[in-house]
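Below is work-v3.pdb, holding PDB, C-alpha atoms and all ligand atoms.
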```
ATOM      1  CA  MET R   1      19.330   1.348  -5.657
ATOM      2  CA  LEU R   2      18.355   3.820  -8.371
ATOM      3  CA  ALA R   3      18.862   1.232 -11.083
ATOM      4  CA  ALA R   4      16.696  -1.224  -9.157
ATOM      5  CA  GLU R   5      13.942   1.370  -8.876
ATOM      6  CA  ALA R   6      14.071   2.080 -12.593
ATOM      7  CA  ASP R   7      13.805  -1.633 -13.313
ATOM      8  CA  GLN R   8      10.837  -1.914 -11.044
ATOM      9  CA  SER R   9       8.854   0.822 -12.766
ATOM     10  CA  ALA R  10       9.273  -1.051 -16.049
ATOM     11  CA  GLU R  11       7.805  -4.276 -14.716
ATOM     12  CA  LYS R  12       5.043  -5.142 -12.292
ATOM     13  CA  PRO R  13       6.069  -5.041  -8.627
ATOM     14  CA  TYR R  14       3.916  -8.082  -7.813
ATOM     15  CA  THR R  15       3.416 -11.630  -9.019
ATOM     16  CA  VAL R  16      -0.089 -13.101  -9.251
ATOM     17  CA  THR R  17      -0.448 -16.590 -10.701
ATOM     18  CA  ASP R  18      -3.868 -18.266 -10.872
ATOM     19  CA  GLY R  19      -5.140 -15.795  -8.286
ATOM     20  CA  LYS R  20      -2.259 -16.639  -5.923
ATOM     21  CA  VAL R  21       0.367 -14.134  -4.841
ATOM     22  CA  ASP R  22       4.103 -14.218  -4.160
ATOM     23  CA  LYS R  23       5.514 -13.757  -0.652
ATOM     24  CA  LYS R  24       6.140 -10.059  -1.139
ATOM     25  CA  THR R  25       2.592  -9.235  -2.238
ATOM     26  CA  PHE R  26       1.148 -11.367   0.552
ATOM     27  CA  ASN R  27       3.275  -9.549   3.091
ATOM     28  CA  GLY R  28       2.038  -6.260   1.637
ATOM     29  CA  TRP R  29      -1.543  -7.360   2.283
ATOM     30  CA  ARG R  30      -0.606  -8.344   5.831
ATOM     31  CA  ARG R  31       1.147  -5.029   6.585
ATOM     32  CA  TYR R  32      -1.645  -3.047   4.970
ATOM     33  CA  THR R  33      -4.224  -4.865   7.084
ATOM     34  CA  GLU R  34      -2.214  -4.287  10.271
ATOM     35  CA  SER R  35      -1.329  -0.624   9.799
ATOM     36  CA  CYS R  36      -3.534   1.035   7.205
ATOM     37  CA  MET R  37      -6.892  -0.743   7.110
ATOM     38  CA  ARG R  38      -8.346   0.932  10.177
ATOM     39  CA  CYS R  39      -8.476   4.195   8.232
ATOM     40  CA  HIS R  40      -8.259   3.232   4.555
ATOM     41  CA  GLY R  41     -10.762   0.382   4.784
ATOM     42  CA  PRO R  42     -10.481  -3.345   4.021
ATOM     43  CA  ASP R  43      -8.526  -4.265   0.862
ATOM     44  CA  GLY R  44      -7.469  -0.681   0.152
ATOM     45  CA  ALA R  45     -11.016   0.216  -0.837
ATOM     46  CA  GLY R  46     -11.262   3.436   1.175
ATOM     47  CA  SER R  47     -13.580   4.609   3.947
ATOM     48  CA  SER R  48     -15.535   7.702   4.873
ATOM     49  CA  TYR R  49     -12.389   8.932   6.654
ATOM     50  CA  ALA R  50      -9.540   8.147   4.267
ATOM     51  CA  PRO R  51      -9.269   7.711   0.483
ATOM     52  CA  SER R  52      -9.106   4.437  -1.438
ATOM     53  CA  LEU R  53      -5.421   3.613  -1.843
ATOM     54  CA  VAL R  54      -6.311   1.270  -4.701
ATOM     55  CA  ASP R  55      -7.329   4.436  -6.571
ATOM     56  CA  SER R  56      -4.460   6.531  -5.221
ATOM     57  CA  VAL R  57      -1.688   4.285  -6.539
ATOM     58  CA  LYS R  58      -3.138   4.548 -10.055
ATOM     59  CA  HIS R  59      -2.049   8.168 -10.279
ATOM     60  CA  MET R  60       1.021   8.408  -8.073
ATOM     61  CA  THR R  61       4.585   7.189  -8.347
ATOM     62  CA  GLN R  62       6.074   4.914  -5.730
ATOM     63  CA  ASP R  63       8.309   7.789  -4.614
ATOM     64  CA  GLU R  64       5.270   9.995  -4.001
ATOM     65  CA  PHE R  65       3.554   7.153  -2.157
ATOM     66  CA  ASN R  66       6.591   6.495   0.036
ATOM     67  CA  GLU R  67       6.951  10.192   0.821
ATOM     68  CA  ILE R  68       3.367  10.473   2.075
ATOM     69  CA  VAL R  69       3.556   7.274   4.122
ATOM     70  CA  VAL R  70       6.861   8.241   5.755
ATOM     71  CA  ASN R  71       6.039  11.892   6.436
ATOM     72  CA  GLY R  72       2.242  11.845   6.671
ATOM     73  CA  ARG R  73      -0.074  14.577   5.406
ATOM     74  CA  THR R  74      -2.802  16.828   6.733
ATOM     75  CA  ASN R  75      -5.520  17.930   4.382
ATOM     76  CA  VAL R  76      -6.330  21.392   5.679
ATOM     77  CA  ASN R  77      -8.709  22.091   2.806
ATOM     78  CA  ALA R  78     -11.165  19.372   3.719
ATOM     79  CA  ALA R  79     -14.276  20.322   5.649
ATOM     80  CA  SER R  80     -13.058  18.175   8.513
ATOM     81  CA  GLU R  81      -9.359  17.902   9.116
ATOM     82  CA  ASN R  82      -8.351  14.427   8.006
ATOM     83  CA  VAL R  83      -4.867  13.401   9.032
ATOM     84  CA  MET R  84      -2.574  10.854   7.450
ATOM     85  CA  PRO R  85      -0.149  10.034  10.282
ATOM     86  CA  PRO R  86       3.597   9.754   9.540
ATOM     87  CA  PHE R  87       4.948   6.173   9.595
ATOM     88  CA  GLY R  88       8.631   7.114   9.362
ATOM     89  CA  GLU R  89       9.281   5.689  12.826
ATOM     90  CA  VAL R  90       7.192   2.544  12.365
ATOM     91  CA  GLU R  91       9.601  -0.199  11.358
ATOM     92  CA  ASP R  92       6.914  -2.700  10.370
ATOM     93  CA  VAL R  93       5.774  -0.214   7.754
ATOM     94  CA  VAL R  94       8.980   1.506   6.584
ATOM     95  CA  ALA R  95      10.784  -1.813   6.061
ATOM     96  CA  TYR R  96       7.936  -3.083   3.871
ATOM     97  CA  LEU R  97       6.947  -0.060   1.764
ATOM     98  CA  ASP R  98       7.788  -2.032  -1.398
ATOM     99  CA  ASP R  99       5.521  -4.879  -0.312
ATOM    100  CA  ILE R 100       2.591  -2.603   0.539
ATOM    101  CA  TRP R 101       3.052  -0.854  -2.802
ATOM    102  CA  ALA R 102       3.127  -4.216  -4.615
ATOM    103  CA  TYR R 103      -0.113  -5.323  -2.944
ATOM    104  CA  LEU R 104      -1.928  -2.063  -3.735
ATOM    105  CA  LYS R 105      -0.693  -2.114  -7.351
ATOM    106  CA  ALA R 106      -1.979  -5.659  -7.790
ATOM    107  CA  ARG R 107      -5.374  -4.480  -6.510
ATOM    108  CA  ALA R 108      -5.276  -1.337  -8.686
ATOM    109  CA  ASP R 109      -4.441  -3.328 -11.832
ATOM    110  CA  GLY R 110      -7.334  -5.686 -11.151
ATOM    111  CA  ALA R 111      -4.892  -8.592 -10.837
ATOM    112  CA  LEU R 112      -6.112  -9.327  -7.323
ATOM    113  CA  GLY R 113      -9.562  -9.302  -5.766
ATOM    114  CA  ARG R 114     -10.658  -8.485  -2.246
ATOM    115  CA  GLY R 115      -9.920 -10.472   0.884
ATOM    116  CA  ARG R 116      -6.936 -12.448   2.139
ATOM    117  CA  PRO R 117      -4.968 -13.494  -0.958
ATOM    118  CA  PRO R 118      -3.891 -17.140  -1.256
ATOM    119  CA  ARG R 119      -0.131 -17.635  -1.538
ATOM    120  CA  ILE R 120       1.667 -19.387  -4.365
ATOM    121  CA  GLY R 121       2.546 -22.825  -3.011
ATOM    122  CA  ASP R 122      -0.284 -22.904  -0.448
TER     123      ASP R 122
HETATM  124  C1  LIG X 201      -5.263   7.286  11.321
HETATM  125  C2  LIG X 201      -5.805   7.018  10.009
HETATM  126  C3  LIG X 201      -4.846   6.602   8.903
HETATM  127  C4  LIG X 201      -3.970   5.521   8.902
HETATM  128  C5  LIG X 201      -3.737   4.516  10.014
HETATM  129  C6  LIG X 201      -3.346   5.520   7.606
HETATM  130  N1  LIG X 201      -3.807   6.569   6.855
HETATM  131 FE1  LIG X 201      -3.181   7.087   4.980
HETATM  132  N2  LIG X 201      -4.417   8.691   4.982
HETATM  133  C7  LIG X 201      -5.305   9.006   6.001
HETATM  134  C8  LIG X 201      -6.067  10.181   5.611
HETATM  135  C9  LIG X 201      -7.160  10.848   6.426
HETATM  136  C10 LIG X 201      -5.591  10.566   4.338
HETATM  137  C11 LIG X 201      -6.028  11.771   3.498
HETATM  138  C12 LIG X 201      -5.146  12.914   3.926
HETATM  139  C13 LIG X 201      -5.247  14.099   3.012
HETATM  140  O1  LIG X 201      -6.237  14.208   2.285
HETATM  141  O2  LIG X 201      -4.318  14.928   3.028
HETATM  142  C14 LIG X 201      -4.567   9.597   3.977
HETATM  143  C15 LIG X 201      -3.849   9.650   2.790
HETATM  144  C16 LIG X 201      -2.952   8.688   2.374
HETATM  145  C17 LIG X 201      -2.271   8.699   1.102
HETATM  146  C18 LIG X 201      -2.452   9.738   0.003
HETATM  147  C19 LIG X 201      -3.628   9.321  -0.866
HETATM  148  C20 LIG X 201      -3.882  10.234  -2.023
HETATM  149  O3  LIG X 201      -4.595   9.809  -2.952
HETATM  150  O4  LIG X 201      -3.404  11.358  -2.055
HETATM  151  C21 LIG X 201      -1.498   7.580   1.062
HETATM  152  C22 LIG X 201      -0.598   7.133  -0.082
HETATM  153  C23 LIG X 201      -1.708   6.881   2.307
HETATM  154  N3  LIG X 201      -2.591   7.586   3.088
HETATM  155  C24 LIG X 201      -1.121   5.678   2.620
HETATM  156  C25 LIG X 201      -1.280   5.004   3.845
HETATM  157  C26 LIG X 201      -0.637   3.736   4.167
HETATM  158  C27 LIG X 201       0.228   2.930   3.214
HETATM  159  C28 LIG X 201      -0.995   3.445   5.445
HETATM  160  C29 LIG X 201      -0.537   2.266   6.280
HETATM  161  C30 LIG X 201       0.910   2.103   6.409
HETATM  162  C31 LIG X 201      -1.863   4.512   5.915
HETATM  163  N4  LIG X 201      -2.022   5.436   4.914
HETATM  164  C32 LIG X 201      -2.432   4.567   7.174
HETATM  165  C33 LIG X 201      -5.457   8.340   7.201
HETATM  166  C34 LIG X 201      -4.735   7.236   7.615
END
```
Mind turning this structure into structure tokens?
Ligand code: HEC
Amino acid sequence: MLAAEADQSAEKPYTVTDGKVDKKTFNGWRRYTESCMRCHGPDGAGSSYAPSLVDSVKHMTQDEFNEIVVNGRTNVNAASENVMPPFGEVEDVVAYLDDIWAYLKARADGALGRGRPPRIGD
């Protein structure tokens, strides 16, 4: 497990070929759209309520990302109290944290544009 994580940080967690994505990255888009988009906006771009996750993943490790998604976070310093709900009990999210991370990294690296990504082999 630890060795696999170390490997992953050395290489990209996603595959994008000719603008098409692998299964994992596509699933990340799907899970993001189902569970995160209503607050974080379409394609990870952010909203008036929650930050752009495309920006967030540029300056956080996957461990930090996972921690926030599993446990949630409340920003008590903000003028209005914005709450990131904990997803630790949501199987459709916890089981696919790697996929959601892969999708957001592909967006952050500029490897993938907005919208529903086409799949390799489609
Ligand atoms: C109910 C609205 C809501 C949903 C749904 C939601 N979030 Fe959040 N999220 C927030 C808010 C608001 C913040 C900012 C909280 C803060 O500033 O402490 C946040 C913060 C975060 C952060 C930290 C960003 C940073 O730059 O520090 C991550 C990572 C994150 N969310 C990931 C996710 C993922 C992945 C999903 C889907 C599985 C998700 N969120 C779903 C509202 C939401």
Q: Considering only C-alpha atoms, return as a PyMOL selection string whatever protein or nucleic-acid residues lie within 10 Å of Asp22 (chain R), sequence-local ones (same chain, fewer than 4 positions apart) excluded.
A: chain R and resi 14-17+26-27+103+117-121
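Within 9 Å of the point (-7.9, -3.2, -6.2) in file coordinates, and counting all atoms listed in the file, lie the residues Asp43, Gly44, Ala45, Leu53, Val54, Asp55, Tyr103, Leu104, Lys105, Ala106, Arg107, Ala108, Asp109, Gly110, Ala111, Leu112, Gly113 and Arg114 of chain R.
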With 7 Å as the cut-off and all atoms listed in the file counted, what is the closest atom pair between each nearby residue of chain R and ligand LIG 201 (chain X)? Distances in Å to one decimal, ordered by chain and number, as JSON lines.
```
{"residue": "R:Tyr32", "atom": "CA", "partner": "X:LIG201", "partner_atom": "C29", "distance": 5.6}
{"residue": "R:Ser35", "atom": "CA", "partner": "X:LIG201", "partner_atom": "C29", "distance": 4.6}
{"residue": "R:Cys36", "atom": "CA", "partner": "X:LIG201", "partner_atom": "C29", "distance": 3.4}
{"residue": "R:Met37", "atom": "CA", "partner": "X:LIG201", "partner_atom": "C5", "distance": 6.8}
{"residue": "R:Arg38", "atom": "CA", "partner": "X:LIG201", "partner_atom": "C5", "distance": 5.8}
{"residue": "R:Cys39", "atom": "CA", "partner": "X:LIG201", "partner_atom": "C2", "distance": 4.3}
{"residue": "R:His40", "atom": "CA", "partner": "X:LIG201", "partner_atom": "N1", "distance": 6.0}
{"residue": "R:Tyr49", "atom": "CA", "partner": "X:LIG201", "partner_atom": "C9", "distance": 5.6}
{"residue": "R:Ala50", "atom": "CA", "partner": "X:LIG201", "partner_atom": "C9", "distance": 4.2}
{"residue": "R:Pro51", "atom": "CA", "partner": "X:LIG201", "partner_atom": "C11", "distance": 6.0}
{"residue": "R:Leu53", "atom": "CA", "partner": "X:LIG201", "partner_atom": "C19", "distance": 6.1}
{"residue": "R:Ser56", "atom": "CA", "partner": "X:LIG201", "partner_atom": "O3", "distance": 4.0}
{"residue": "R:Phe65", "atom": "CA", "partner": "X:LIG201", "partner_atom": "C22", "distance": 4.6}
{"residue": "R:Ile68", "atom": "CA", "partner": "X:LIG201", "partner_atom": "C22", "distance": 5.6}
{"residue": "R:Val69", "atom": "CA", "partner": "X:LIG201", "partner_atom": "C24", "distance": 5.2}
{"residue": "R:Arg73", "atom": "CA", "partner": "X:LIG201", "partner_atom": "O2", "distance": 4.9}
{"residue": "R:Thr74", "atom": "CA", "partner": "X:LIG201", "partner_atom": "O2", "distance": 4.4}
{"residue": "R:Asn75", "atom": "CA", "partner": "X:LIG201", "partner_atom": "O2", "distance": 3.5}
{"residue": "R:Asn82", "atom": "CA", "partner": "X:LIG201", "partner_atom": "C9", "distance": 4.1}
{"residue": "R:Val83", "atom": "CA", "partner": "X:LIG201", "partner_atom": "C9", "distance": 4.3}
{"residue": "R:Met84", "atom": "CA", "partner": "X:LIG201", "partner_atom": "C7", "distance": 3.6}
{"residue": "R:Pro85", "atom": "CA", "partner": "X:LIG201", "partner_atom": "C1", "distance": 5.9}
{"residue": "R:Phe87", "atom": "CA", "partner": "X:LIG201", "partner_atom": "C30", "distance": 6.6}
{"residue": "R:Val93", "atom": "CA", "partner": "X:LIG201", "partner_atom": "C30", "distance": 5.6}
{"residue": "R:Ile100", "atom": "CA", "partner": "X:LIG201", "partner_atom": "C27", "distance": 6.6}
```
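As for CA of Lys12 (chain R) and CA of Ser48 (chain R), they are spaced 29.7 Å apart.
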Which residues are near Trp101 (chain R)? Cut-off 8 Å, all atoms listed in the file, ignore same chain within fewer than 4 positions. Put them as a PDB file with C-alpha atoms, in the frame of the given file.
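This went into around09.pdb:
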```
ATOM      1  CA  PRO R  13       6.069  -5.041  -8.627  1.00  0.00           C
ATOM      2  CA  GLY R  28       2.038  -6.260   1.637  1.00  0.00           C
ATOM      3  CA  VAL R  57      -1.688   4.285  -6.539  1.00  0.00           C
ATOM      4  CA  GLN R  62       6.074   4.914  -5.730  1.00  0.00           C
ATOM      5  CA  LEU R  97       6.947  -0.060   1.764  1.00  0.00           C
ATOM      6  CA  LYS R 105      -0.693  -2.114  -7.351  1.00  0.00           C
TER       7      LYS R 105
END
```
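As for CA of Val90 (chain R) and CA of Ala102 (chain R), they are spaced 18.7 Å apart.
CA of Asp122 (chain R) sits 9.8 Å away from CA of Val21 (chain R).
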**Q.** Best match for closeness to Gly19 (chain R) among R:Asp92, R:Arg116, R:Ser52, R:Pro86, counting only C-alpha atoms
**A.** R:Arg116
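Closest approach to Thr25 (chain R) from the set R:Glu91, R:Tyr96, R:Glu81, R:Val76 is made by R:Tyr96, with distances taken over all atoms listed in the file.
In terms of minimum interatomic distance to Glu89 (chain R), R:Gly72 ranks closest within R:Asn77, R:Met60, R:Gly46, R:Gly72, counting all atoms listed in the file.
Minimum distance to Asp99 (chain R) across R:Ser47, R:Glu11, R:Arg30, R:Lys20 (counting all atoms listed in the file) occurs at R:Arg30.
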